[in-house]
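Colleague: Input target.pdb, format and content: PDB, C-alpha atoms.
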MODEL        1
ATOM      1  CA  MET R   1      56.504  43.806-121.241
ATOM      2  CA  ARG R   2      59.096  41.037-121.107
ATOM      3  CA  SER R   3      58.509  40.728-117.364
ATOM      4  CA  ILE R   4      54.778  40.275-117.872
ATOM      5  CA  ALA R   5      55.341  37.714-120.627
ATOM      6  CA  LEU R   6      57.790  35.820-118.454
ATOM      7  CA  ARG R   7      55.304  35.751-115.590
ATOM      8  CA  LEU R   8      52.597  34.440-117.920
ATOM      9  CA  VAL R   9      54.896  31.676-119.149
ATOM     10  CA  LEU R  10      55.839  30.721-115.581
ATOM     11  CA  LEU R  11      52.174  30.779-114.547
ATOM     12  CA  ALA R  12      51.232  28.506-117.464
ATOM     13  CA  ALA R  13      54.079  26.139-116.666
ATOM     14  CA  ALA R  14      53.045  26.021-113.014
ATOM     15  CA  SER R  15      49.453  25.299-114.017
ATOM     16  CA  LEU R  16      50.544  22.411-116.234
ATOM     17  CA  LEU R  17      52.748  21.046-113.480
ATOM     18  CA  LEU R  18      49.939  21.208-110.937
ATOM     19  CA  ALA R  19      47.575  19.527-113.389
ATOM     20  CA  ALA R  20      50.085  16.742-113.971
ATOM     21  CA  CYS R  21      50.582  16.263-110.241
ATOM     22  CA  SER R  22      46.843  16.250-109.688
ATOM     23  CA  ARG R  23      46.455  13.596-112.394
ATOM     24  CA  ALA R  24      49.211  11.478-110.879
ATOM     25  CA  ASP R  25      47.644  11.610-107.429
ATOM     26  CA  SER R  26      44.069  11.035-108.592
ATOM     27  CA  GLY R  27      42.298   7.724-108.464
ATOM     28  CA  PRO R  28      42.355   5.002-105.824
ATOM     29  CA  LYS R  29      45.371   4.676-103.574
ATOM     30  CA  PRO R  30      47.302   1.412-103.949
ATOM     31  CA  ARG R  31      46.494  -1.193-101.313
ATOM     32  CA  GLN R  32      49.204  -3.831-101.255
ATOM     33  CA  GLY R  33      49.016  -5.295 -97.766
ATOM     34  CA  SER R  34      48.204  -8.744 -99.157
ATOM     35  CA  PRO R  35      48.117 -10.531-102.533
ATOM     36  CA  GLU R  36      44.343 -10.181-102.541
ATOM     37  CA  GLU R  37      44.615  -6.417-102.076
ATOM     38  CA  VAL R  38      46.938  -6.201-105.081
ATOM     39  CA  ILE R  39      44.300  -7.867-107.266
ATOM     40  CA  GLN R  40      41.613  -5.564-105.838
ATOM     41  CA  THR R  41      43.794  -2.503-106.452
ATOM     42  CA  ALA R  42      44.433  -3.520-110.060
ATOM     43  CA  GLN R  43      40.694  -3.823-110.600
ATOM     44  CA  ALA R  44      40.107  -0.467-108.859
ATOM     45  CA  PHE R  45      42.631   1.231-111.162
ATOM     46  CA  ILE R  46      40.812  -0.137-114.197
ATOM     47  CA  GLU R  47      37.367   0.860-112.925
ATOM     48  CA  ALA R  48      38.653   4.380-112.206
ATOM     49  CA  ASP R  49      40.033   4.679-115.766
ATOM     50  CA  ARG R  50      43.577   4.700-114.403
ATOM     51  CA  ALA R  51      45.112   1.762-116.228
ATOM     52  CA  ASP R  52      48.214   3.951-116.516
ATOM     53  CA  ARG R  53      48.867   3.228-112.830
ATOM     54  CA  LEU R  54      48.903  -0.576-113.108
ATOM     55  CA  HIS R  55      52.697  -0.476-113.372
ATOM     56  CA  GLU R  56      52.850   0.602-109.711
ATOM     57  CA  LEU R  57      51.929  -2.961-108.745
ATOM     58  CA  LEU R  58      54.899  -4.524-110.564
ATOM     59  CA  LEU R  59      58.196  -5.331-108.898
ATOM     60  CA  ALA R  60      61.281  -3.726-110.474
ATOM     61  CA  ASP R  61      64.642  -3.681-108.692
ATOM     62  CA  ASP R  62      66.449  -1.895-111.538
ATOM     63  CA  PRO R  63      65.527   1.819-111.902
ATOM     64  CA  ARG R  64      65.772   1.465-115.680
ATOM     65  CA  MET R  65      63.247  -1.376-115.634
ATOM     66  CA  ARG R  66      61.011   0.702-113.384
ATOM     67  CA  GLU R  67      61.103   3.459-116.013
ATOM     68  CA  LEU R  68      60.153   0.950-118.710
ATOM     69  CA  PHE R  69      57.208  -0.132-116.576
ATOM     70  CA  ARG R  70      56.192   3.514-116.147
ATOM     71  CA  ARG R  71      56.268   4.039-119.904
ATOM     72  CA  THR R  72      54.243   0.873-120.344
ATOM     73  CA  GLY R  73      51.721   2.350-117.914
ATOM     74  CA  VAL R  74      51.357   5.361-120.214
ATOM     75  CA  LEU R  75      50.726   2.947-123.091
ATOM     76  CA  LEU R  76      48.096   1.074-121.073
ATOM     77  CA  GLY R  77      46.370   4.364-120.319
ATOM     78  CA  SER R  78      46.317   5.239-124.024
ATOM     79  CA  LEU R  79      44.923   1.802-124.828
ATOM     80  CA  GLN R  80      42.181   2.284-122.252
ATOM     81  CA  ARG R  81      41.177   5.647-123.733
ATOM     82  CA  CYS R  82      41.247   4.197-127.254
ATOM     83  CA  SER R  83      39.016   1.269-126.309
ATOM     84  CA  GLN R  84      36.588   3.609-124.543
ATOM     85  CA  THR R  85      36.400   5.789-127.651
ATOM     86  CA  PHE R  86      35.633   2.734-129.788
ATOM     87  CA  ALA R  87      32.982   1.511-127.342
ATOM     88  CA  GLU R  88      31.307   4.931-127.234
ATOM     89  CA  LYS R  89      31.121   5.235-131.037
ATOM     90  CA  TYR R  90      30.293   1.608-131.816
ATOM     91  CA  PRO R  91      28.599   0.071-128.752
ATOM     92  CA  ALA R  92      26.711  -2.488-130.857
ATOM     93  CA  GLU R  93      29.975  -3.821-132.296
ATOM     94  CA  VAL R  94      31.532  -4.185-128.847
ATOM     95  CA  GLU R  95      28.397  -5.871-127.499
ATOM     96  CA  ARG R  96      28.308  -8.274-130.469
ATOM     97  CA  LEU R  97      31.918  -9.207-129.869
ATOM     98  CA  ARG R  98      31.286  -9.607-126.127
ATOM     99  CA  ILE R  99      28.417 -12.040-126.706
ATOM    100  CA  GLU R 100      30.390 -13.964-129.309
ATOM    101  CA  ALA R 101      33.387 -14.223-126.980
ATOM    102  CA  GLN R 102      31.201 -15.421-124.089
ATOM    103  CA  ASN R 103      30.176 -18.427-126.164
ATOM    104  CA  SER R 104      33.808 -19.407-126.709
ATOM    105  CA  PRO R 105      36.372 -20.673-124.167
ATOM    106  CA  ALA R 106      37.359 -17.972-121.700
ATOM    107  CA  LEU R 107      40.405 -15.783-122.159
ATOM    108  CA  ALA R 108      41.689 -17.098-118.861
ATOM    109  CA  GLY R 109      42.201 -20.456-120.520
ATOM    110  CA  LEU R 110      44.823 -18.947-122.795
ATOM    111  CA  LEU R 111      47.028 -18.423-119.732
ATOM    112  CA  SER R 112      46.545 -21.859-118.216
ATOM    113  CA  ARG R 113      46.936 -25.459-119.304
ATOM    114  CA  ARG R 114      43.372 -25.432-120.528
ATOM    115  CA  GLY R 115      44.421 -23.021-123.234
ATOM    116  CA  ARG R 116      46.087 -25.813-125.198
ATOM    117  CA  SER R 117      42.739 -27.002-126.543
ATOM    118  CA  HIS R 118      41.799 -23.612-127.980
ATOM    119  CA  THR R 119      41.569 -23.221-131.751
ATOM    120  CA  SER R 120      43.157 -20.380-133.699
ATOM    121  CA  GLU R 121      39.651 -18.983-134.314
ATOM    122  CA  THR R 122      38.993 -18.828-130.578
ATOM    123  CA  ILE R 123      42.301 -17.126-129.907
ATOM    124  CA  GLY R 124      41.685 -14.655-132.725
ATOM    125  CA  LEU R 125      38.239 -13.833-131.348
ATOM    126  CA  GLN R 126      39.548 -13.270-127.850
ATOM    127  CA  LEU R 127      42.421 -11.105-129.073
ATOM    128  CA  ARG R 128      40.063  -8.962-131.169
ATOM    129  CA  ARG R 129      37.925  -8.459-128.100
ATOM    130  CA  VAL R 130      40.964  -7.543-126.008
ATOM    131  CA  LEU R 131      41.896  -4.980-128.649
ATOM    132  CA  ALA R 132      38.377  -3.516-128.707
ATOM    133  CA  ASP R 133      37.649  -3.583-124.976
ATOM    134  CA  PRO R 134      40.670  -4.905-123.028
ATOM    135  CA  TYR R 135      39.824  -3.895-119.488
ATOM    136  CA  ALA R 136      36.251  -5.149-119.615
ATOM    137  CA  VAL R 137      37.714  -8.583-120.290
ATOM    138  CA  LEU R 138      40.049  -8.273-117.312
ATOM    139  CA  ASP R 139      37.197  -7.075-115.113
ATOM    140  CA  GLU R 140      35.134 -10.133-116.008
ATOM    141  CA  GLN R 141      38.041 -12.459-115.283
ATOM    142  CA  ALA R 142      38.912 -10.865-111.914
ATOM    143  CA  GLN R 143      36.678 -13.230-109.952
ATOM    144  CA  ARG R 144      38.540 -16.189-111.454
ATOM    145  CA  ILE R 145      41.903 -14.976-110.153
ATOM    146  CA  SER R 146      43.156 -16.235-106.810
ATOM    147  CA  THR R 147      46.459 -16.728-105.001
ATOM    148  CA  ILE R 148      48.034 -19.602-103.067
ATOM    149  CA  PRO R 149      50.810 -18.970-100.509
ATOM    150  CA  LEU R 150      54.114 -20.650-101.346
ATOM    151  CA  ASP R 151      55.938 -19.292 -98.299
ATOM    152  CA  ASP R 152      55.727 -16.259 -95.994
ATOM    153  CA  ASN R 153      56.824 -13.838 -98.734
ATOM    154  CA  THR R 154      55.629 -15.472-101.952
ATOM    155  CA  SER R 155      52.229 -16.392-103.401
ATOM    156  CA  ALA R 156      51.393 -18.052-106.717
ATOM    157  CA  ILE R 157      48.808 -16.415-108.988
ATOM    158  CA  MET R 158      46.059 -18.778-110.161
ATOM    159  CA  ILE R 159      43.235 -18.624-112.715
ATOM    160  CA  ASP R 160      40.406 -21.101-112.187
ATOM    161  CA  ASP R 161      42.663 -22.774-109.589
ATOM    162  CA  MET R 162      45.295 -23.406-112.269
ATOM    163  CA  PRO R 163      48.761 -21.767-112.336
ATOM    164  CA  VAL R 164      49.184 -18.803-114.645
ATOM    165  CA  LEU R 165      51.720 -19.388-117.438
ATOM    166  CA  PRO R 166      52.556 -23.010-116.603
ATOM    167  CA  PRO R 167      54.926 -24.690-115.981
ATOM    168  CA  LEU R 168      56.959 -21.767-114.612
ATOM    169  CA  GLY R 169      53.999 -19.932-113.102
ATOM    170  CA  MET R 170      53.615 -16.317-112.026
ATOM    171  CA  VAL R 171      53.953 -15.057-108.464
ATOM    172  CA  MET R 172      53.650 -12.115-106.101
ATOM    173  CA  THR R 173      56.294 -11.280-103.546
ATOM    174  CA  GLN R 174      56.502  -9.041-100.483
ATOM    175  CA  ARG R 175      58.910  -6.129-100.174
ATOM    176  CA  ASN R 176      58.867  -3.668 -97.277
ATOM    177  CA  ASP R 177      55.397  -4.795 -96.140
ATOM    178  CA  ARG R 178      53.976  -4.390 -99.649
ATOM    179  CA  TRP R 179      53.090  -7.094-102.127
ATOM    180  CA  TYR R 180      54.067  -6.798-105.801
ATOM    181  CA  ILE R 181      53.438  -8.808-108.936
ATOM    182  CA  VAL R 182      56.688 -10.301-110.221
ATOM    183  CA  PRO R 183      56.786 -10.031-114.029
ATOM    184  CA  PRO R 184      57.551 -13.425-115.627
ATOM    185  CA  LEU R 185      61.067 -12.464-116.692
ATOM    186  CA  ASN R 186      62.763 -15.535-115.219
ATOM    187  CA  VAL R 187      62.043 -17.789-118.195
ATOM    188  CA  PRO R 188      65.370 -19.524-118.968
ATOM    189  CA  PHE R 189      65.526 -18.713-122.694
ATOM    190  CA  LEU R 190      64.330 -15.140-122.062
ATOM    191  CA  GLY R 191      67.391 -14.085-120.039
ATOM    192  CA  ARG R 192      69.525 -13.287-123.067
ATOM    193  CA  PHE R 193      66.847 -10.986-124.490
ATOM    194  CA  LEU R 194      66.287  -8.912-121.351
ATOM    195  CA  PRO R 195      67.823  -5.422-121.496
ATOM    196  CA  GLN R 196      71.154  -5.066-119.736
ATOM    197  CA  THR R 197      72.793  -1.957-121.179
ATOM    198  CA  ASP R 198      71.573   1.640-121.289
ATOM    199  CA  ASP R 199      71.308   1.409-125.092
ATOM    200  CA  GLU R 200      69.113  -1.667-124.864
ATOM    201  CA  TYR R 201      66.803   0.005-122.348
ATOM    202  CA  ALA R 202      66.621   3.059-124.630
ATOM    203  CA  ILE R 203      65.619   0.939-127.630
ATOM    204  CA  LEU R 204      62.821  -0.755-125.678
ATOM    205  CA  ALA R 205      61.642   2.634-124.411
ATOM    206  CA  TYR R 206      61.447   3.808-128.026
ATOM    207  CA  LEU R 207      59.466   0.686-128.972
ATOM    208  CA  ILE R 208      56.928   1.439-126.246
ATOM    209  CA  GLN R 209      56.688   5.028-127.506
ATOM    210  CA  VAL R 210      56.029   3.781-131.054
ATOM    211  CA  LEU R 211      53.246   1.524-129.749
ATOM    212  CA  ASP R 212      51.759   4.432-127.805
ATOM    213  CA  ASN R 213      51.859   6.633-130.907
ATOM    214  CA  ALA R 214      50.121   3.886-132.897
ATOM    215  CA  VAL R 215      47.334   3.615-130.318
ATOM    216  CA  THR R 216      46.900   7.408-130.386
ATOM    217  CA  GLU R 217      46.648   7.335-134.206
ATOM    218  CA  ILE R 218      44.130   4.501-134.051
ATOM    219  CA  GLU R 219      41.984   6.517-131.641
ATOM    220  CA  ALA R 220      42.069   9.419-134.088
ATOM    221  CA  ASP R 221      40.991   7.083-136.903
ATOM    222  CA  ILE R 222      38.096   5.846-134.752
ATOM    223  CA  ASN R 223      36.955   9.421-134.101
ATOM    224  CA  SER R 224      37.168  10.248-137.811
ATOM    225  CA  GLY R 225      35.030   7.232-138.742
ATOM    226  CA  ARG R 226      37.782   5.420-140.657
ATOM    227  CA  LEU R 227      37.607   2.433-138.300
ATOM    228  CA  THR R 228      34.118   1.073-137.704
ATOM    229  CA  ASP R 229      34.518  -2.531-136.554
ATOM    230  CA  THR R 230      37.005  -4.837-134.875
ATOM    231  CA  GLU R 231      38.292  -6.145-138.204
ATOM    232  CA  ASP R 232      39.246  -2.578-139.154
ATOM    233  CA  LEU R 233      40.730  -2.142-135.696
ATOM    234  CA  SER R 234      42.950  -5.226-135.843
ATOM    235  CA  ARG R 235      44.051  -4.441-139.415
ATOM    236  CA  ALA R 236      44.980  -0.871-138.487
ATOM    237  CA  ALA R 237      46.930  -2.076-135.464
ATOM    238  CA  GLY R 238      48.948  -4.414-137.660
ATOM    239  CA  GLU R 239      49.645  -1.747-140.267
ATOM    240  CA  LYS R 240      50.710   0.912-137.786
ATOM    241  CA  ILE R 241      52.788  -1.372-135.576
ATOM    242  CA  PHE R 242      54.338  -4.055-137.790
ATOM    243  CA  ILE R 243      56.803  -2.074-139.948
ATOM    244  CA  PRO R 244      58.160   0.390-137.341
ATOM    245  CA  GLY R 245      58.007  -2.280-134.653
ATOM    246  CA  SER R 246      59.956  -4.732-136.802
ATOM    247  CA  MET R 247      62.700  -2.178-137.429
ATOM    248  CA  ILE R 248      63.054  -1.490-133.708
ATOM    249  CA  VAL R 249      63.115  -5.203-132.865
ATOM    250  CA  LEU R 250      65.852  -5.651-135.469
ATOM    251  CA  ALA R 251      67.862  -2.836-133.855
ATOM    252  CA  TYR R 252      67.379  -4.466-130.458
ATOM    253  CA  ASN R 253      68.589  -7.831-131.756
ATOM    254  CA  ARG R 254      71.700  -6.143-133.128
ATOM    255  CA  ALA R 255      72.328  -4.518-129.768
ATOM    256  CA  ILE R 256      72.106  -7.928-128.077
ATOM    257  CA  GLU R 257      74.495  -9.425-130.625
ATOM    258  CA  SER R 258      76.927  -6.567-129.994
ATOM    259  CA  ARG R 259      76.703  -7.222-126.253
ATOM    260  CA  ASP R 260      77.329 -10.938-126.801
ATOM    261  CA  ASN R 261      80.400 -10.174-128.925
ATOM    262  CA  ASN R 262      81.768  -7.847-126.258
ATOM    263  CA  ASP R 263      81.243 -10.545-123.633
ATOM    264  CA  ASP R 264      83.172 -13.032-125.767
ATOM    265  CA  ASP R 265      86.080 -10.604-125.978
TER
ENDMDL
END
Is it possible to express this structure as structure tokens?
Modeller:
Amino acid sequence: MRSIALRLVLLAAASLLLAACSRADSGPKPRQGSPEEVIQTAQAFIEADRADRLHELLLADDPRMRELFRRTGVLLGSLQRCSQTFAEKYPAEVERLRIEAQNSPALAGLLSRRGRSHTSETIGLQLRRVLADPYAVLDEQAQRISTIPLDDNTSAIMIDDMPVLPPLGMVMTQRNDRWYIVPPLNVPFLGRFLPQTDDEYAILAYLIQVLDNAVTEIEADINSGRLTDTEDLSRAAGEKIFIPGSMIVLAYNRAIESRDNNDDD
């Protein structure tokens, strides 16, 4: 009897493993032979409901940072499923928000110099729409994204022919015949806050997990009918994320202070 039970457990485990592998291999294959192909691949991932694979297009030299990006990919996948659930239950609300957002300055402007003229109401509207239907917004903006070569191995990312995140900008770079998006982690004042120790990476990983749990809870609230519009959605996101997120950020700041003190010694 124990032998049969053991075989059943092993068979179930093997089935789960195969399902996970099948999920990981499904969807479009990354095409990264040029900066343009990276943009096309990102859009293909979104259209195939595989936002969880967007992290594959990011450059990470540190294995610990690569793991953070992977975890962030899981979060992006959860966010995509949550937004799809909201759109399926309340299509009129999403359509209303889409039309309202189209009559305001584009989201792309928030990432360029043109974003400086946006009002707080415009930003709030765009952020509510991102929360309700994030990847539809990105899909609409894809045609506005372009790249300009800086040298043989680097290209700048542009929106409406303006640099992303000026004045520092955002770039792609080539590694082993593949192009990757370089996360904007080279901001001078940001260096101190980037994770350096295993404990710091662990705290950030926990923060991402908390965010993922919050998105999963929000999806459940949408299915139960507790959240019926984008105002409910944004309020729930704040309630579920602010308190636990603040505690984790505080712990991370303490870890950085501890690292600074050790460096001084």
Colleague: Which of these, R:Leu68, R:Leu59, R:Leu54, R:Ile218, has the shortest distance to R:Tyr180 once you count all atoms listed in the file?
Modeller: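 Looking only at the distances to R:Tyr180, the closest residue turns out to be R:Leu59.
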Colleague: Point out the residue among R:Leu185, R:Met162, R:Ala255, R:Ala214 with the least atom-to-atom distance to R:Tyr201, counting all atoms listed in the file.
Modeller: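 Going through R:Leu185, R:Met162, R:Ala255, R:Ala214 one by one, the smallest distance to R:Tyr201 is for R:Ala255.
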Colleague: Let me make sure I understand: among R:Asp49, R:Leu190, R:Arg31, R:Gln209, which one has the smallest atom-to-atom distance to R:Ser83 if we use only C-alpha atoms?
Modeller: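 Of R:Asp49, R:Leu190, R:Arg31, R:Gln209, the one nearest R:Ser83, counting only C-alpha atoms, is R:Asp49.
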Colleague: Which value, in Å to one decimal, gives the distance between atom CA of R:Leu194 and atom CA of R:Met170?
Modeller: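 These two atoms are separated by 17.4 Å.
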Colleague: Assuming the chain letters and numbering stay as they are in my file, what does the PyMOL selection byres ((chain R and resi 210) around 10) actually select? List them as JSON, numbers by chain.
Modeller: {"R": [75, 204, 205, 206, 207, 208, 209, 211, 212, 213, 214, 215, 216, 240, 241, 244, 245, 248]}
Colleague: Quick one: apply the PyMOL selection byres ((chain R and resi 158) around 6) to the file and drop the selected residues here as a list in words.
Modeller: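 Those residues are Ile145, Ser146, Thr147, Ile157, Ile159, Asp161, Met162, Pro163 and Val164 of chain R.
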Colleague: Point out the residue among R:Ile243, R:Leu76, R:Leu227, R:Leu58 with the least atom-to-atom distance to R:Val171, counting all atoms listed in the file.
Modeller: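 Of R:Ile243, R:Leu76, R:Leu227, R:Leu58, the one nearest R:Val171, counting all atoms listed in the file, is R:Leu58.
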Colleague: Extract, using only C-alpha atoms, all DNA, RNA and protein residues at most 12 Å from R:Asp260, discarding same-chain residues fewer than 3 positions from it, and format them as a list of chain:residue names.
Modeller: R:Arg192, R:Phe193, R:Gln196, R:Thr197, R:Asn253, R:Arg254, R:Ala255, R:Ile256, R:Glu257, R:Asp263, R:Asp264, R:Asp265
Colleague: Ranking R:Thr72, R:Ala48, R:Asp198, R:Pro184 by minimum distance to R:Pro167 and counting all atoms listed in the file, which one comes first?
Modeller: R:Pro184
Colleague: Any idea what the distance is between atom CA of R:Gly225 and atom CA of R:Val94?
Modeller: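 Result for atom CA of R:Gly225 versus atom CA of R:Val94: 15.5 Å, one decimal.
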Colleague: By how many Å are atom CA of R:Pro149 and atom CA of R:Gln40 apart?
Modeller: 17.1 Å
Colleague: Would you pick out the contacts of R:Leu150 at 10 Å or less, using only C-alpha atoms, so that residues sharing its chain but fewer than 5 positions from it are not included, and give the list as a list in words?
Modeller: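 Once the adjacent positions are removed, what remains is Ser155, Ala156, Val171, Met172 and Thr173 of chain R.
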Colleague: Name the residues that the PyMOL selection byres ((chain R and resi 223) around 12) pulls out of this structure, and write them as JSON, numbers by chain.
Modeller: {"R": [81, 82, 83, 84, 85, 86, 87, 88, 89, 90, 216, 217, 218, 219, 220, 221, 222, 224, 225, 226, 227, 228]}
Colleague: For each of R:Arg178, R:Ser234, R:Thr154, R:Gly191, take the minimum atom-to-atom distance to R:Pro30, counting all atoms listed in the file, then give the residue where this is smallest.
Modeller: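 Among the listed residues, the smallest separation from R:Pro30 belongs to R:Arg178.
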Colleague: Mind writing stretch 153-185 of chain R to a file for me, with C-alpha atoms, as a compact mmCIF listing (two decimals), in the first residue's frame?
Modeller:
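Result saved to selection33.txt:
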# COMPACT_ATOMS: atom_id res chain seq x y z
CA ASN R 153 26.52 48.02 -28.64
CA THR R 154 24.19 50.63 -27.17
CA SER R 155 20.89 52.21 -28.25
CA ALA R 156 18.80 54.85 -26.49
CA ILE R 157 15.09 54.18 -25.94
CA MET R 158 12.81 57.00 -27.13
CA ILE R 159 9.11 57.84 -26.79
CA ASP R 160 7.74 60.26 -29.38
CA ASP R 161 11.37 60.89 -30.38
CA MET R 162 12.15 62.09 -26.85
CA PRO R 163 14.49 60.28 -24.41
CA VAL R 164 12.84 58.12 -21.78
CA LEU R 165 13.47 59.31 -18.21
CA PRO R 166 15.47 62.44 -19.07
CA PRO R 167 18.11 63.66 -18.47
CA LEU R 168 19.79 60.31 -17.75
CA GLY R 169 17.81 58.35 -20.33
CA MET R 170 17.23 54.62 -20.69
CA VAL R 171 19.16 52.32 -23.02
CA MET R 172 19.51 48.84 -24.46
CA THR R 173 22.83 47.07 -24.71
CA GLN R 174 24.15 44.01 -26.53
CA ARG R 175 25.54 40.96 -24.77
CA ASN R 176 26.51 37.75 -26.56
CA ASP R 177 24.64 38.76 -29.74
CA ARG R 178 21.47 39.54 -27.77
CA TRP R 179 20.05 42.92 -26.90
CA TYR R 180 18.73 43.66 -23.40
CA ILE R 181 16.99 46.57 -21.73
CA VAL R 182 19.23 48.11 -19.09
CA PRO R 183 17.15 48.99 -16.01
CA PRO R 184 17.70 52.64 -14.97
CA LEU R 185 19.69 51.76 -11.86
